[in-house]
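Below is one structure, written out as structure tokens; comments come after it.
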Amino acid sequence: VQIAGIQQQLATANYEKERIEKLVKADAATQKQLDDAVSQVLILQKQLRAQKESLEKNSRGVTEESTSLELQIAQLNDQIEKCRIYSPIRGTVIVKYCQAGEFASTGKALFKIADVEKMFLRAYMTSDQITKIKLGQDVDVYSDQGRDGYKKSNGKIVWISSKAEFTPKTVQTQDERANLVYAVKTLVENDGFIKIGMYGKLKFKG
């Protein structure tokens with residue numbers, strides 16, 4: 001508003017200066033009147049420049065303040081996003097170590113999660129049996145369902161130990177107990193009936 005007012009005054013002053021210049025040429029006005037008119041124009045031009053510089057300065061200040069606020073907002077959003085905890089895998093929470101609202105710190109376990117859609121049966125093979133299997137081989141897996149007997153599922157051998165070990169005490173085989181066995185992992189697609197910790201057995205197809 002101030003700039004518009006000064007611009008209007010400057011336009012009037014310039015018009016007056018030009019009018020007096022014509023009158024001076026016609027000897028109808030004095031030089032002092034012309035000097036006063038020129039002086040008024042210069043004063044208004046200085047005022048206009050000062051107002052524009054002030055406006056530009058204020059505009060830069062607002063822009064810088066706006067940029068600073070945007071950076072602060074971005075930092076806060078980043079901090080909020082880092083407060084969200086995401087599981088690296090899709091699965092089922094089987095153990096919770098804290099409750100909602102509790103303080104979480106770096107390195108503190110919050111929960112234990114397991115992928116129950118794909119289960120692994122760990123079995124042990126004797127040296128005679130290990131020669132009959134290979135990685136990627138399809139096998140039948142039988143999960144112990146208690147009184148309901150065994151449930152059959154399709155499995156695939158995905159890992160075979162390269163070293164023999166003593167038979168774990170919890171393992172019972174139909175054959176005579178061997179001193180050394182090889183650990184084998186079999187991948188089983190879970191239909192929901194297989195639970196973590198269940199006992200099972202596998203049988204070669206064919």
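As shown in the structure tokens, the chain order sets the letters A, B, ...; within each chain, residues go from 1, and ligands are also counted from 1 in the order they appear.
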### Message
Which residues are near Thr126 (chain A)? Cut-off 6 Å, only C-alpha atoms, ignore same chain within fewer than 2 positions. Put them as a ChimeraX atom specification.
### Response
/A:128-129,181
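When the distance limit is 9 Å and only C-alpha atoms are what count, the residues near Ser162 (chain A), minus those fewer than 2 positions from it on the same chain, are Ile160, Ala164, Tyr182 and Ala183 of chain A.
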What does the file look like for those residues with C-alpha atoms, as a PDB file, in the first residue's frame?
```
ATOM      1  CA  ILE A 160      22.478 -80.961   4.666  1.00  0.00           C
ATOM      2  CA  ALA A 164      28.666 -85.511  11.494  1.00  0.00           C
ATOM      3  CA  TYR A 182      24.152 -85.784   9.908  1.00  0.00           C
ATOM      4  CA  ALA A 183      21.669 -82.959  10.482  1.00  0.00           C
TER       5      ALA A 183
END
```
### Task
Go through region 12-201 of chain A and collect every residue that DSSP, computed from the backbone, puts in strand (DSSP E or B); the answer should be as a ChimeraX atom specification.
/A:92-96,111-114,118-125,138-144,150-166,180-189,200-201
Residues just named, written with C-alpha atoms as a CSV table (one decimal), in the first residue's frame:
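Contents of result_26.csv, freshly written:
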```csv
chain,number,residue,atom,x,y,z
A,92,THR,CA,3.3,-64.4,13.7
A,93,VAL,CA,4.4,-62.9,17.1
A,94,ILE,CA,5.0,-65.8,19.4
A,95,VAL,CA,6.6,-63.9,22.3
A,96,LYS,CA,6.1,-60.3,23.5
A,111,PHE,CA,9.1,-59.4,20.4
A,112,LYS,CA,9.9,-62.7,18.9
A,113,ILE,CA,8.4,-63.3,15.5
A,114,ALA,CA,8.3,-66.5,13.4
A,118,LYS,CA,7.1,-72.1,6.1
A,119,MET,CA,8.3,-74.5,8.7
A,120,PHE,CA,11.6,-76.5,8.9
A,121,LEU,CA,11.9,-80.1,10.2
A,122,ARG,CA,15.3,-80.8,11.5
A,123,ALA,CA,16.1,-84.5,11.1
A,124,TYR,CA,19.2,-86.6,11.6
A,125,MET,CA,20.5,-89.2,9.2
A,138,ASP,CA,11.1,-84.0,-2.4
A,139,VAL,CA,10.2,-86.0,0.7
A,140,ASP,CA,7.1,-86.8,2.7
A,141,VAL,CA,7.0,-85.1,6.1
A,142,TYR,CA,4.8,-86.5,8.9
A,143,SER,CA,4.0,-84.2,11.8
A,144,ASP,CA,3.0,-85.7,15.1
A,150,TYR,CA,0.7,-88.2,12.0
A,151,LYS,CA,-0.3,-85.7,9.4
A,152,LYS,CA,1.4,-86.0,6.0
A,153,SER,CA,2.8,-82.9,4.2
A,154,ASN,CA,5.1,-82.3,1.3
A,155,GLY,CA,8.6,-81.3,2.1
A,156,LYS,CA,11.9,-80.4,0.3
A,157,ILE,CA,15.4,-80.9,1.6
A,158,VAL,CA,17.1,-77.5,1.7
A,159,TRP,CA,20.2,-78.1,3.9
A,160,ILE,CA,22.5,-81.0,4.7
A,161,SER,CA,25.2,-80.7,7.3
A,162,SER,CA,28.7,-81.3,6.0
A,163,LYS,CA,29.8,-82.6,9.4
A,164,ALA,CA,28.7,-85.5,11.5
A,165,GLU,CA,27.7,-85.0,15.1
A,166,PHE,CA,26.6,-87.2,18.0
A,180,LEU,CA,27.3,-90.2,14.6
A,181,VAL,CA,24.5,-88.6,12.4
A,182,TYR,CA,24.2,-85.8,9.9
A,183,ALA,CA,21.7,-83.0,10.5
A,184,VAL,CA,19.2,-82.2,7.7
A,185,LYS,CA,16.7,-79.4,7.3
A,186,THR,CA,13.5,-80.0,5.3
A,187,LEU,CA,11.2,-77.1,4.3
A,188,VAL,CA,7.5,-77.7,4.8
A,189,GLU,CA,4.6,-75.5,3.6
A,200,GLY,CA,7.9,-85.3,13.2
A,201,LYS,CA,9.6,-87.6,10.8
```
#### Entry: Close residues, Thr12 (chain A) itself excluded, 12 Å, only C-alpha atoms, min 6 positions apart in chain, as an NGL selection string
:A and (5-6 or 18-19 or 37-38 or 40-41 or 44)
Can I get the selection written as a compact mmCIF listing (two decimals), in the first residue's frame, with C-alpha atoms?
```txt
# COMPACT_ATOMS: atom_id res chain seq x y z
CA GLY A 5 0.91 5.63 -2.63
CA ILE A 6 4.49 6.78 -3.28
CA GLU A 18 7.22 18.62 -16.73
CA ARG A 19 4.52 21.30 -16.53
CA ALA A 37 9.73 20.30 -8.43
CA VAL A 38 12.89 18.37 -9.38
CA GLN A 40 10.37 16.69 -4.89
CA VAL A 41 10.72 14.07 -7.62
CA LEU A 44 9.92 10.55 -3.85
```
### Message
Please return, as a PyMOL selection string, all residues of chain A that DSSP assigns to alpha helix (DSSP H) on the basis of the backbone.
### Response
chain A and resi 2-25+31-83+127-130
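Among the candidates A:Ala100, A:Ala28, A:Leu202, A:Ile80, the residue lying nearest to Ile133 (chain A) is A:Leu202 (atoms considered: only C-alpha atoms).
Nearest residue to Gly146 (chain A) among A:Asn190, A:Tyr199, A:Glu64, A:Leu76 is A:Tyr199, counting only C-alpha atoms.
Interatomic distance, CA of Gln51 (chain A) to CA of Ile3 (chain A): 6.4 Å.
Closest to Asp191 (chain A) among A:Thr30, A:Glu70, A:Val116, A:Arg60 is A:Val116, based on only C-alpha atoms.
Distances from A:Ile85, A:Ile194, A:Ala11, A:Ala109 to Leu48 (chain A) were compared using only C-alpha atoms, and the smallest one belongs to A:Ala11.
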## Note on the structure
From the list A:Ser39, A:Thr167, A:Thr67, A:Thr106, the nearest residue to Ser127 (chain A) using only C-alpha atoms is A:Thr167
#### Entry: Best match for closeness to Leu42 (chain A) among A:Glu65, A:Gln72, A:Ile130, A:Leu10, counting only C-alpha atoms
A:Leu10
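The two atoms in question, CA of Gly91 (chain A) and CA of Leu135 (chain A), are spaced 25.6 Å apart.
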